Amino acid sequence: MKHRDVNRLFAALLFLLSGAVYLMTMAPTLSFWDCGEFIATARTLGVPHPPGAPLFLLAGRVISMIPFFGDIGARVNLLSVLSSAATVMMAYLVTVRFIILYRKTDPDSWNPVEKLSAYGGAAVGALVLAFSDSFWFNAVETEVYAASTFFTALVVWLLLRWYEEEPQSGNERWLLVAMYVIGLSIGVHLLSLLAVFAVAMVYYYRKYDVTPKSFIIMMIAASALFLLIYVGVIKGLPFLLERFSWWGGIMMLAAMIYAITYAHRKRHVLMHTVSMSLLLLVIGYTSYAMIYVRAKAGPPINENNPSTAEAFFSYLNREQYGDLPLWPRRWSSEPLHQYFYRQYSSDADYFLRYQLGQMYMRYFGWQFIGRAHAGTGAPVDWSQLWGLPFLLGIGGAVVQMRRDWKMGSVVLALFVLTGAALVVYLNQTEPQPRERDYSYVGSFFAFALWIGIGAERLMMEVRRFFSSDAVQQKAAMLLLAMVVLLVDGRMLMANYFTHDRSGNYVPWDWAWNMLQSCDHDAIMFTNGDNDTFPLWYLQEVEGIRTDVRVVNLSLANTGWYLDQLKNTSPRGARPIRFGLDDSELRQISYVAIDPVEVQLKTGAEKLRLTEEYKAAGIAPPAAPQDSLQWVITPTVNFRGQGFIRPQDVAVYEIVMNNFGSRPIYFALTVGRDNLLGLEGFLQLEGLAYRLVPMHAPEGSPLVSLPRLYTTLCETFRYRNLNNAEVFIDETAARLSSNYKPLFSRLALGLAEAPDDEISVRTAEGERRTIQRKELALSVLEQSGERLPLERYGLDPEFAASEVYLYVSLGEKQKAYPYISYLKKLAATTTMQADPALYYALALSLREVGQLDASQKILEQLLRDGDTLQAGQERYQNEEK
């Protein structure tokens with residue numbers, strides 16, 4: 001077979017192999033973070049957070065209409081699967097072309113060892129990329145990074161095609177297509193724009209003699225081209241539209257066409273190529289018109305509402321996020337960030353240790369050396385992959401630099417610009433809400449090319465040890481098999497379980513459970529991405545509980561969002577009433593206040609609450625009140641003056657204008673500092689607290705036992721949470737850990753009067769009356785079955801409560817697993833480090849009759865407490 005046929009066959013096989021692996025491990029529905037938002041806006045052609053991804057949304061919309069899967073989220077996930085498999089294929093093709101370039105021989109003339117090493121080595125590198133930690137993570141969920149990396153790989157391949165064909169007639173078409181692809185990629189993510197430097201370098205190496213002077217000129221020209229595209233096109237076109245309306249875009253288009261025709265008349269090849277490239281890039285960039293058009297249509301998800309030229313300009317420039325300076329590195333004035341900044345001696349120390357070391361080099365090590373575990377903050381672990389991919393990559397970089405330093409410098413530029421240089425540009429604060437390794441996949445792609453070259457060189461070395469062609473061929477085949485097994489096979493084995501999301505339904509179930517925690521026409525305040533975007537997905541894509549208005553407190557700091565809450569009815573949901581008019585909402589800002597007492601009549605809400613408890617056959621935990629009375633205190637302070645944030649103003653306005661006529665909830669994930677002083681009036685009813693006209697007794701939170709039972713035990717979904725064969729990622733496990741304390745609170749409340757009866761509703765709305773003791777035991781059993789203790793754990797205080805419950809309800813033997821759990825926790829720490837844990841263990845031991853062991857722990861706690869107090873007193877005296 002000729003080279004072209006063999007090469008294409010290998011590429012197709014790699015596409016199918018990697019695609020099959022990704023398909024087997026793909027998330028069956030939405031995932032956490034931005035995935036729910038992207039799927040929802042793709043399905044409905046909505047407007048996601050700035051700066052948007054219009055081309056990605058259009059592709060997602062198309063694939064969502066093809067019935068590959070019943071779940072819409074799975075259909076859009078398939079877009080990442082296909083993009084990632086195509087990137088693996090492109091990595092192989094690019095590596096083979098680099099090998100051809102530095103061998104300088106016709107591939108059809110290669111002997112068997114040369115063919116085996118080239119095709120096999122390139123396949124090894126491509127599979128390393130396929131099975132690497134971050135690339136695989138992006139491949140099985142709906143995010144823009146898989147498609148963005150594909151565009152980067154495609155641009156590199158197109159450049160090499162041009163490099164090989166130049167100076168043949170028509171060679172410029174490859175450059176023009178590459179620039180058009182870069183323009184398209186802007187509609188997915190801006191990362192692919194960094195490939196412009198590779199374009200400039202490849203063009204320079206092919207067209208000009210390399211001298212120090214010309215190289216400097218090339219770097220200046222490449223930077224100028226990048227700025228021309230980023231500032232002149234990406235930011236300049238929206239600016240022209242804002243300043244001159246559509247005439248601004250027409251002016252830019254006319255200038256480009258004039259430059260093209262002028263260059264054509266004057267036979268100026270470089271000018272013609274550059275101007276035509278810019279025109280094609282702008283044509284690709286026009287996918288952003290979709291954002292403007294859809295914003296005008298007012299879709300249910302319409303972030304920033306970029307329906308005017310001014311708003312569109314602000315949207316594309318990400319103005320709501322503010323500017324990130326390149327210097328100083330420790331730039332944020334947030335108290336939390338300032339706390340972490342003080343752990344570094346200088347900006348340079350912060351950059352080297354945290355931003356470069358922790359936020360890039362550690363991620364790099366995850367890919368090619370090994371990751372210690374799947375949790376946040378995982379260090380690099382050489383025992384996972386034995387560092388073999390890393391060593392191959394270093395060897396490949398050396399080989400390419402020695403044999404073809406020009407192309408080696410192109411890969412190096414791509415590696416640095418999408419890695420370390422990106423770290424400089426992002427200037428990230430500490431701490432980050434999640435790991436950011438997915439941002440640097442372009443850099444990992446570049447290193448995977450070197451791994452392929454390193455594997456090729458390794459197999460070519462066998463010729464030095466054997467003289468016989470047949471022996472050389474067998475030795476190369478054996479070596480290739482060993483490399484595939486020890487490198488690619490080991491990566492597949494090490495990463496498969498932690499990247500297999502095929503049974504992970506936690507995000508879908510979490511959103512379902514949150515929405516089902518609310519009454520009809522409810523307003524629910526949420527806090528961040530993971531308690532908002534999954535809910536948007538269920539409402540916009542699945543049509544589930546569209547009556548609930550989700551109010552994201554982060555977005556509530558913006559006027560456009562509050563305006564939408566007041567004046568739109570997405571999917572028929574009721575608008576939210578505000579006392580402020582539209583102009584006041586759009587200009588909402590911080591408000592200076594001193595502590596102020598607020599009173600709000602409860603209206604019919606008191607009667608509703610009384611009737612609800614009466615129907616359940618139990619007394620309410622506190623007396624229902626005719627009004628809510630609470631104190632609003634400043635949530636931020638600046639130069640001695642207290643302020644409340646725009647989101648606090650929004651909470652106040654919504655509560656004051658809607659309570660009594662609509663149910664109001666706060667998601668379980670909303671922090672105390674976002675409750676505006678209402679925490680005493682919140683009743684636990686599921687994954688949300690309901691605002692009720694009762695005030696919690698001191699030290700005893702309000703819990704609606706009948707509602708909590710219906711949501712937890714009859715309505716909520718917990719698919720595969722108890723299946724040890726399904727990997728539950730850290731975010732999903734952390735959020736799922738909220739369920740067990742809810743079961744404990746419910747069982748504790750039921751056990752307060754074990755002989756009494758309570759009336760509860762089933763999922764179908766039918767009532768049944770049951771003894772509270774029996775129901776409490778049922779709740780505890782369901783907690784253990786659905787959320788195994790060894791997998792999700794439990795706060796020591798709640799674990800001790802479980803022991804107390806089982807003993808008091810006559811099921812002492814069932815308490816021992818919780819005591820074993822507490823002992824296991826105690827073995828990992830000390831009494832001085834975690835006295836609360838040991839106190840919970842002591843109480844639990846006393847409950848089951850192990851009085852001596854309990855007393856021993858309590859006495860030790862008392863002695864340690866006296867020692868600690870004496871030490872504090874000595875420290876205070878020394879300070880004086």
# chains A, B, ... in the order shown; residues from 1 in each chain; ligands from 1
call {"tool": "residues_around", "arguments": {"residues": "Val88 (chain A)", "least_positions_apart": "3", "cutoff": "10 Å", "atoms": "only C-alpha atoms", "output": "PDB file with C-alpha atoms, in the first residue's frame"}}
result
ATOM      1  CA  ALA A  11      -5.836   8.093  11.001  1.00  0.00           C
ATOM      2  CA  LEU A  14      -7.368   6.286  15.625  1.00  0.00           C
ATOM      3  CA  PHE A  15     -10.515   8.345  15.119  1.00  0.00           C
ATOM      4  CA  LEU A  16     -12.684   5.257  15.593  1.00  0.00           C
ATOM      5  CA  LEU A  17     -10.697   3.904  18.551  1.00  0.00           C
ATOM      6  CA  SER A  18     -10.594   7.144  20.515  1.00  0.00           C
ATOM      7  CA  GLY A  19     -14.188   7.926  19.566  1.00  0.00           C
ATOM      8  CA  LEU A  82     -16.513  13.789  17.744  1.00  0.00           C
ATOM      9  CA  SER A  83     -14.346  16.919  18.116  1.00  0.00           C
ATOM     10  CA  SER A  84     -11.919  15.147  20.440  1.00  0.00           C
ATOM     11  CA  ALA A  85     -11.686  12.023  18.284  1.00  0.00           C
ATOM     12  CA  ALA A  91      -2.444  14.877  16.114  1.00  0.00           C
ATOM     13  CA  TYR A  92      -1.434  11.696  14.329  1.00  0.00           C
ATOM     14  CA  LEU A  93      -1.493  13.320  10.878  1.00  0.00           C
ATOM     15  CA  VAL A  94       0.496  16.346  12.058  1.00  0.00           C
ATOM     16  CA  ALA A 123      -0.081   6.756  16.814  1.00  0.00           C
ATOM     17  CA  GLY A 125       1.655  10.246  20.608  1.00  0.00           C
ATOM     18  CA  ALA A 126      -1.933  10.635  19.413  1.00  0.00           C
ATOM     19  CA  LEU A 127      -3.163   8.019  21.893  1.00  0.00           C
ATOM     20  CA  VAL A 128      -1.234   9.694  24.714  1.00  0.00           C
ATOM     21  CA  LEU A 129      -3.217  12.828  23.933  1.00  0.00           C
ATOM     22  CA  ALA A 130      -6.431  10.796  23.719  1.00  0.00           C
ATOM     23  CA  PHE A 131      -5.974   9.209  27.151  1.00  0.00           C
ATOM     24  CA  PHE A 135      -8.147  16.125  27.190  1.00  0.00           C
ATOM     25  CA  THR A 149      -8.458  22.184  20.469  1.00  0.00           C
ATOM     26  CA  PHE A 150      -9.694  20.593  17.249  1.00  0.00           C
ATOM     27  CA  ALA A 153      -4.927  21.054  15.466  1.00  0.00           C
ATOM     28  CA  PHE A 445      -1.578  18.813  22.367  1.00  0.00           C
ATOM     29  CA  ALA A 448       1.863  15.054  22.510  1.00  0.00           C
TER      30      ALA A 448
END
call {"tool": "residues_around", "arguments": {"residues": "region 31-46 of chain A", "least_positions_apart": "5", "cutoff": "7 Å", "atoms": "only C-alpha atoms", "output": "PyMOL selection string"}}
result
chain A and resi 57-58+60-61+64+73+76+141-143+294+299-302+507+529-530+533-534+536-537+540-541
call {"tool": "residues_around", "arguments": {"residues": "region 524-527 of chain A", "least_positions_apart": "5", "cutoff": "9 Å", "atoms": "only C-alpha atoms", "output": "NGL selection string"}}
result
:A and (515 or 518 or 532 or 548-554 or 651 or 663-671 or 674 or 688 or 690)
call {"tool": "atom_distance", "arguments": {"atom1": "CA of Asp437 (chain A)", "atom2": "CA of Phe364 (chain A)"}}
result
8.2 Å
call {"tool": "residues_around", "arguments": {"residues": "region 384-395 of chain A", "least_positions_apart": "3", "cutoff": "9 Å", "atoms": "only C-alpha atoms", "output": "NGL selection string"}}
result
:A and (125 or 128 or 365 or 367-372 or 380-381 or 398-400 or 447-455 or 457-458 or 486-488 or 490-491 or 494)
call {"tool": "atom_distance", "arguments": {"atom1": "CA of Leu775 (chain A)", "atom2": "CA of Leu750 (chain A)"}}
result
7.3 Å
call {"tool": "select_by_dssp", "arguments": {"residues": "region 682-718 of chain A", "states": "strand (DSSP E)", "output": "list in words"}}
result
Leu682, Gln683, Leu684, Ala688, Tyr689, Arg690, Leu691, Leu702 and Val703 of chain A
call {"tool": "write_last_selection", "arguments": {"atoms": "N, CA and C atoms", "output": "PDB file, in the first residue's frame"}}
result
ATOM      1  N   LEU A 682     -36.330  30.537  57.992  1.00  0.00           N
ATOM      2  CA  LEU A 682     -36.197  29.570  56.909  1.00  0.00           C
ATOM      3  C   LEU A 682     -36.484  28.157  57.412  1.00  0.00           C
ATOM      4  N   GLN A 683     -37.352  27.471  56.696  1.00  0.00           N
ATOM      5  CA  GLN A 683     -37.763  26.109  57.063  1.00  0.00           C
ATOM      6  C   GLN A 683     -37.239  25.120  56.027  1.00  0.00           C
ATOM      7  N   LEU A 684     -36.542  24.097  56.487  1.00  0.00           N
ATOM      8  CA  LEU A 684     -35.972  23.096  55.604  1.00  0.00           C
ATOM      9  C   LEU A 684     -37.068  22.201  55.031  1.00  0.00           C
ATOM     10  N   ALA A 688     -33.828  22.944  49.654  1.00  0.00           N
ATOM     11  CA  ALA A 688     -34.080  24.376  49.746  1.00  0.00           C
ATOM     12  C   ALA A 688     -34.780  24.683  51.065  1.00  0.00           C
ATOM     13  N   TYR A 689     -34.567  25.909  51.520  1.00  0.00           N
ATOM     14  CA  TYR A 689     -35.265  26.430  52.698  1.00  0.00           C
ATOM     15  C   TYR A 689     -36.391  27.340  52.228  1.00  0.00           C
ATOM     16  N   ARG A 690     -37.548  27.188  52.835  1.00  0.00           N
ATOM     17  CA  ARG A 690     -38.675  28.044  52.487  1.00  0.00           C
ATOM     18  C   ARG A 690     -38.808  29.164  53.515  1.00  0.00           C
ATOM     19  N   LEU A 691     -39.073  30.367  53.031  1.00  0.00           N
ATOM     20  CA  LEU A 691     -39.327  31.502  53.914  1.00  0.00           C
ATOM     21  C   LEU A 691     -40.732  31.369  54.480  1.00  0.00           C
ATOM     22  N   LEU A 702     -35.758  25.230  61.843  1.00  0.00           N
ATOM     23  CA  LEU A 702     -37.101  24.824  61.420  1.00  0.00           C
ATOM     24  C   LEU A 702     -37.007  23.722  60.373  1.00  0.00           C
ATOM     25  N   VAL A 703     -37.733  22.639  60.611  1.00  0.00           N
ATOM     26  CA  VAL A 703     -37.765  21.524  59.667  1.00  0.00           C
ATOM     27  C   VAL A 703     -39.215  21.098  59.473  1.00  0.00           C
TER      28      VAL A 703
END
call {"tool": "atom_distance", "arguments": {"atom1": "CA of Ala139 (chain A)", "atom2": "CA of Leu190 (chain A)"}}
result
18.4 Å
call {"tool": "residues_around", "arguments": {"residues": "Ile654 (chain A)", "least_positions_apart": "2", "cutoff": "12 Å", "atoms": "only C-alpha atoms", "output": "compact mmCIF listing (two decimals) with all heavy atoms, in the first residue's frame"}}
result
# COMPACT_ATOMS: atom_id res chain seq x y z
N ALA A 522 -42.99 28.94 42.55
CA ALA A 522 -42.03 29.40 43.55
C ALA A 522 -40.97 30.30 42.93
O ALA A 522 -40.71 30.28 41.73
CB ALA A 522 -41.37 28.20 44.22
N ILE A 523 -40.34 31.08 43.80
CA ILE A 523 -39.14 31.85 43.49
C ILE A 523 -38.02 31.23 44.32
O ILE A 523 -38.14 31.12 45.54
CB ILE A 523 -39.29 33.33 43.84
CG1 ILE A 523 -40.43 33.98 43.04
CG2 ILE A 523 -37.99 34.09 43.62
CD1 ILE A 523 -40.80 35.36 43.51
N MET A 524 -36.94 30.80 43.66
CA MET A 524 -35.84 30.18 44.40
C MET A 524 -34.54 30.90 44.14
O MET A 524 -34.11 31.04 42.99
CB MET A 524 -35.69 28.70 44.04
CG MET A 524 -34.53 28.04 44.80
SD MET A 524 -34.56 26.24 44.81
CE MET A 524 -34.40 25.90 43.07
N PHE A 525 -33.90 31.35 45.21
CA PHE A 525 -32.59 31.98 45.12
C PHE A 525 -31.51 30.91 45.09
O PHE A 525 -31.50 30.00 45.92
CB PHE A 525 -32.35 32.90 46.32
CG PHE A 525 -33.26 34.10 46.35
CD1 PHE A 525 -34.32 34.15 47.25
CD2 PHE A 525 -33.07 35.18 45.50
CE1 PHE A 525 -35.16 35.25 47.30
CE2 PHE A 525 -33.91 36.28 45.55
CZ PHE A 525 -34.96 36.32 46.44
N ARG A 549 -39.25 30.20 39.22
CA ARG A 549 -38.32 31.24 38.76
C ARG A 549 -37.02 31.13 39.55
O ARG A 549 -36.99 31.36 40.76
CB ARG A 549 -38.91 32.64 38.92
CG ARG A 549 -40.03 32.99 37.99
CD ARG A 549 -39.68 32.84 36.51
NE ARG A 549 -38.63 33.74 36.05
CZ ARG A 549 -38.84 34.92 35.46
NH1 ARG A 549 -40.07 35.37 35.31
NH2 ARG A 549 -37.84 35.63 35.04
N VAL A 551 -33.57 32.50 40.66
CA VAL A 551 -32.91 33.80 40.79
C VAL A 551 -31.47 33.56 41.25
O VAL A 551 -31.22 33.24 42.41
CB VAL A 551 -33.64 34.71 41.79
CG1 VAL A 551 -32.93 36.05 41.91
CG2 VAL A 551 -35.09 34.89 41.40
N LEU A 553 -28.08 34.62 42.53
CA LEU A 553 -27.68 35.79 43.29
C LEU A 553 -26.45 36.49 42.69
O LEU A 553 -26.30 37.70 42.86
CB LEU A 553 -27.41 35.39 44.74
CG LEU A 553 -28.67 35.02 45.55
CD1 LEU A 553 -28.30 34.48 46.91
CD2 LEU A 553 -29.58 36.24 45.69
N ALA A 556 -27.82 38.55 40.06
CA ALA A 556 -28.70 39.57 40.63
C ALA A 556 -27.96 40.86 40.95
O ALA A 556 -28.59 41.86 41.33
CB ALA A 556 -29.38 39.04 41.88
N LEU A 562 -32.08 41.61 36.51
CA LEU A 562 -33.27 41.95 37.31
C LEU A 562 -34.39 42.46 36.41
O LEU A 562 -35.57 42.19 36.66
CB LEU A 562 -32.89 43.01 38.36
CG LEU A 562 -31.82 42.58 39.38
CD1 LEU A 562 -31.53 43.71 40.34
CD2 LEU A 562 -32.26 41.32 40.12
N LEU A 565 -36.06 39.42 35.08
CA LEU A 565 -36.90 38.78 36.08
C LEU A 565 -38.24 39.49 36.22
O LEU A 565 -39.28 38.86 36.44
CB LEU A 565 -36.18 38.76 37.44
CG LEU A 565 -34.93 37.89 37.56
CD1 LEU A 565 -34.29 38.07 38.93
CD2 LEU A 565 -35.26 36.42 37.33
N LYS A 566 -38.21 40.80 36.07
CA LYS A 566 -39.43 41.58 36.25
C LYS A 566 -40.32 41.58 35.01
O LYS A 566 -41.56 41.53 35.14
CB LYS A 566 -39.06 43.03 36.60
CG LYS A 566 -40.26 43.95 36.77
CD LYS A 566 -39.83 45.38 37.07
CE LYS A 566 -41.05 46.29 37.21
NZ LYS A 566 -40.67 47.70 37.45
N PRO A 575 -43.81 36.56 35.98
CA PRO A 575 -42.78 37.56 36.28
C PRO A 575 -42.69 37.79 37.79
O PRO A 575 -43.62 37.50 38.54
CB PRO A 575 -43.27 38.81 35.56
CG PRO A 575 -44.29 38.34 34.58
CD PRO A 575 -44.92 37.13 35.17
N ILE A 576 -41.57 38.33 38.22
CA ILE A 576 -41.36 38.63 39.63
C ILE A 576 -41.64 40.11 39.86
O ILE A 576 -41.18 40.97 39.11
CB ILE A 576 -39.92 38.28 40.04
CG1 ILE A 576 -39.69 36.77 39.89
CG2 ILE A 576 -39.64 38.72 41.47
CD1 ILE A 576 -38.28 36.33 40.19
N ARG A 577 -42.40 40.39 40.88
CA ARG A 577 -42.75 41.78 41.18
C ARG A 577 -41.60 42.48 41.91
O ARG A 577 -40.97 41.93 42.80
CB ARG A 577 -44.02 41.84 42.04
CG ARG A 577 -45.28 41.47 41.30
CD ARG A 577 -46.50 42.04 42.03
NE ARG A 577 -46.61 41.53 43.39
CZ ARG A 577 -47.35 40.47 43.73
NH1 ARG A 577 -48.03 39.81 42.80
NH2 ARG A 577 -47.42 40.08 44.98
N PHE A 578 -41.35 43.72 41.53
CA PHE A 578 -40.38 44.59 42.18
C PHE A 578 -41.06 45.92 42.51
O PHE A 578 -41.95 46.37 41.77
CB PHE A 578 -39.18 44.86 41.27
CG PHE A 578 -38.22 43.72 41.15
CD1 PHE A 578 -38.43 42.71 40.23
CD2 PHE A 578 -37.09 43.64 41.95
CE1 PHE A 578 -37.56 41.66 40.09
CE2 PHE A 578 -36.20 42.59 41.83
CZ PHE A 578 -36.44 41.59 40.90
N GLY A 579 -40.60 46.57 43.57
CA GLY A 579 -41.08 47.91 43.88
C GLY A 579 -40.36 48.97 43.09
O GLY A 579 -40.84 50.10 42.97
N LEU A 580 -39.18 48.64 42.55
CA LEU A 580 -38.41 49.58 41.75
C LEU A 580 -38.89 49.58 40.31
O LEU A 580 -39.31 48.53 39.79
CB LEU A 580 -36.92 49.20 41.79
CG LEU A 580 -36.25 49.15 43.18
CD1 LEU A 580 -34.82 48.68 43.04
CD2 LEU A 580 -36.31 50.51 43.85
N GLN A 647 -27.29 42.54 44.89
CA GLN A 647 -28.02 41.30 45.08
C GLN A 647 -28.83 41.33 46.38
O GLN A 647 -29.91 40.74 46.47
CB GLN A 647 -27.08 40.11 45.09
CG GLN A 647 -26.17 40.01 46.31
CD GLN A 647 -25.33 38.75 46.30
OE1 GLN A 647 -24.51 38.55 45.41
NE2 GLN A 647 -25.51 37.90 47.29
N ASP A 648 -28.32 42.05 47.41
CA ASP A 648 -29.07 42.19 48.66
C ASP A 648 -30.31 43.05 48.45
O ASP A 648 -31.38 42.76 49.00
CB ASP A 648 -28.18 42.80 49.74
CG ASP A 648 -26.93 41.98 50.01
OD1 ASP A 648 -27.05 40.75 50.05
OD2 ASP A 648 -25.85 42.58 50.15
N VAL A 649 -30.14 44.10 47.65
CA VAL A 649 -31.30 44.94 47.30
C VAL A 649 -32.34 44.10 46.57
O VAL A 649 -33.55 44.21 46.81
CB VAL A 649 -30.86 46.14 46.44
CG1 VAL A 649 -32.08 46.98 46.05
CG2 VAL A 649 -29.85 47.00 47.18
N ALA A 650 -31.86 43.23 45.67
CA ALA A 650 -32.77 42.38 44.91
C ALA A 650 -33.52 41.42 45.82
O ALA A 650 -34.74 41.22 45.69
CB ALA A 650 -32.00 41.61 43.84
N VAL A 651 -32.81 40.80 46.77
CA VAL A 651 -33.47 39.89 47.71
C VAL A 651 -34.53 40.64 48.51
O VAL A 651 -35.66 40.16 48.69
CB VAL A 651 -32.43 39.25 48.66
CG1 VAL A 651 -33.13 38.49 49.79
CG2 VAL A 651 -31.51 38.32 47.89
N TYR A 652 -34.18 41.82 48.99
CA TYR A 652 -35.14 42.63 49.76
C TYR A 652 -36.36 42.96 48.92
O TYR A 652 -37.51 42.79 49.37
CB TYR A 652 -34.45 43.92 50.23
CG TYR A 652 -35.39 44.91 50.87
CD1 TYR A 652 -35.79 44.76 52.19
CD2 TYR A 652 -35.89 46.00 50.15
CE1 TYR A 652 -36.67 45.67 52.78
CE2 TYR A 652 -36.76 46.90 50.72
CZ TYR A 652 -37.15 46.73 52.04
OH TYR A 652 -38.03 47.63 52.61
N MET A 656 -40.09 41.53 49.79
CA MET A 656 -41.10 42.50 50.20
C MET A 656 -42.28 42.55 49.24
O MET A 656 -43.41 42.86 49.65
CB MET A 656 -40.47 43.90 50.32
CG MET A 656 -39.39 44.01 51.37
SD MET A 656 -39.97 43.66 53.05
CE MET A 656 -40.99 45.09 53.38
N ASN A 657 -42.07 42.24 47.99
CA ASN A 657 -43.13 42.39 46.99
C ASN A 657 -43.78 41.08 46.56
O ASN A 657 -44.77 41.10 45.82
CB ASN A 657 -42.57 43.10 45.75
CG ASN A 657 -42.25 44.56 46.00
OD1 ASN A 657 -43.14 45.41 46.02
ND2 ASN A 657 -40.98 44.84 46.23
N ASN A 658 -43.24 39.95 47.02
CA ASN A 658 -43.78 38.66 46.57
C ASN A 658 -44.15 37.70 47.69
O ASN A 658 -44.89 36.76 47.46
CB ASN A 658 -42.78 37.97 45.64
CG ASN A 658 -42.53 38.74 44.36
OD1 ASN A 658 -43.24 38.59 43.37
ND2 ASN A 658 -41.51 39.59 44.38
N PHE A 659 -43.63 37.92 48.88
CA PHE A 659 -43.94 37.01 49.98
C PHE A 659 -45.43 37.08 50.32
O PHE A 659 -46.01 38.15 50.42
CB PHE A 659 -43.11 37.36 51.22
CG PHE A 659 -43.35 36.44 52.38
CD1 PHE A 659 -42.88 35.14 52.36
CD2 PHE A 659 -44.08 36.87 53.48
CE1 PHE A 659 -43.11 34.29 53.42
CE2 PHE A 659 -44.32 36.02 54.54
CZ PHE A 659 -43.83 34.72 54.52
N GLY A 660 -46.01 35.93 50.50
CA GLY A 660 -47.45 35.86 50.78
C GLY A 660 -48.25 35.51 49.54
O GLY A 660 -49.32 34.90 49.66
N SER A 661 -47.75 35.91 48.38
CA SER A 661 -48.46 35.58 47.14
C SER A 661 -47.75 34.47 46.35
O SER A 661 -48.37 33.82 45.52
CB SER A 661 -48.58 36.82 46.25
OG SER A 661 -47.30 37.31 45.88
N ARG A 662 -46.47 34.27 46.63
CA ARG A 662 -45.71 33.21 45.98
C ARG A 662 -44.74 32.59 46.98
O ARG A 662 -44.19 33.31 47.85
CB ARG A 662 -44.90 33.75 44.79
CG ARG A 662 -45.73 34.33 43.69
CD ARG A 662 -44.88 34.86 42.57
NE ARG A 662 -44.19 33.82 41.82
CZ ARG A 662 -43.48 34.05 40.72
NH1 ARG A 662 -43.35 35.27 40.25
NH2 ARG A 662 -42.91 33.06 40.08
N PRO A 663 -44.48 31.28 46.89
CA PRO A 663 -43.48 30.66 47.77
C PRO A 663 -42.10 31.19 47.44
O PRO A 663 -41.74 31.36 46.28
CB PRO A 663 -43.60 29.17 47.45
CG PRO A 663 -44.88 29.01 46.70
CD PRO A 663 -45.13 30.31 46.01
N ILE A 664 -41.30 31.45 48.46
CA ILE A 664 -39.94 31.95 48.28
C ILE A 664 -38.98 30.98 48.97
O ILE A 664 -39.16 30.64 50.14
CB ILE A 664 -39.78 33.37 48.85
CG1 ILE A 664 -40.66 34.35 48.07
CG2 ILE A 664 -38.32 33.80 48.82
CD1 ILE A 664 -40.59 35.77 48.57
N TYR A 665 -37.96 30.55 48.23
CA TYR A 665 -37.00 29.57 48.74
C TYR A 665 -35.57 30.09 48.56
O TYR A 665 -35.28 30.86 47.65
CB TYR A 665 -37.13 28.25 47.97
CG TYR A 665 -38.40 27.49 48.22
CD1 TYR A 665 -39.56 27.79 47.50
CD2 TYR A 665 -38.46 26.46 49.15
CE1 TYR A 665 -40.73 27.09 47.71
CE2 TYR A 665 -39.63 25.75 49.37
CZ TYR A 665 -40.76 26.06 48.64
OH TYR A 665 -41.93 25.37 48.85
N LEU A 676 -29.59 37.91 53.98
CA LEU A 676 -30.12 39.22 54.36
C LEU A 676 -30.76 39.20 55.74
O LEU A 676 -31.73 39.90 56.00
CB LEU A 676 -31.12 39.72 53.31
CG LEU A 676 -31.32 41.24 53.24
CD1 LEU A 676 -30.04 41.91 52.76
CD2 LEU A 676 -32.47 41.60 52.30
N LEU A 691 -39.07 30.37 53.03
CA LEU A 691 -39.33 31.50 53.91
C LEU A 691 -40.73 31.37 54.48
O LEU A 691 -41.71 31.32 53.72
CB LEU A 691 -39.18 32.81 53.13
CG LEU A 691 -39.27 34.11 53.94
CD1 LEU A 691 -38.16 34.19 54.98
CD2 LEU A 691 -39.21 35.31 53.00
call {"tool": "closest_atom_pairs", "arguments": {"of": "region 647-750 of chain A", "to": "region 611-623 of chain A", "cutoff": "10 Å", "atoms": "only C-alpha atoms", "output": "CSV"}}
result
residue,atom,partner,partner_atom,distance
A:Gln683,CA,A:Pro621,CA,9.8
A:Pro693,CA,A:Ala623,CA,8.6
A:Met694,CA,A:Ala622,CA,6.0
A:His695,CA,A:Ala622,CA,6.6
A:Ala696,CA,A:Ala622,CA,6.6
A:Pro697,CA,A:Ala622,CA,7.0
A:Ser700,CA,A:Pro621,CA,9.1
A:Pro701,CA,A:Pro621,CA,8.9
A:Leu702,CA,A:Pro621,CA,6.6
A:Val703,CA,A:Pro621,CA,7.6
A:Ser704,CA,A:Pro620,CA,8.1
A:Leu705,CA,A:Ala616,CA,9.0
A:Pro706,CA,A:Ala616,CA,6.6
A:Arg707,CA,A:Ala616,CA,9.4
A:Gly749,CA,A:Pro621,CA,9.9
call {"tool": "write_last_selection", "arguments": {"atoms": "C-alpha atoms", "output": "compact mmCIF listing (two decimals), in the first residue's frame"}}
result
# COMPACT_ATOMS: atom_id res chain seq x y z
CA GLN A 683 -37.76 26.11 57.06
CA PRO A 693 -43.86 33.16 59.10
CA MET A 694 -42.26 31.28 61.99
CA HIS A 695 -39.07 32.01 63.87
CA ALA A 696 -36.80 29.11 64.73
CA PRO A 697 -36.32 28.43 68.44
CA SER A 700 -33.19 24.41 66.72
CA PRO A 701 -33.65 24.99 62.97
CA LEU A 702 -37.10 24.82 61.42
CA VAL A 703 -37.77 21.52 59.67
CA SER A 704 -41.01 20.57 57.93
CA LEU A 705 -41.10 16.85 58.68
CA PRO A 706 -43.97 15.96 56.31
CA ARG A 707 -42.55 17.94 53.38
CA GLY A 749 -37.39 15.10 64.12
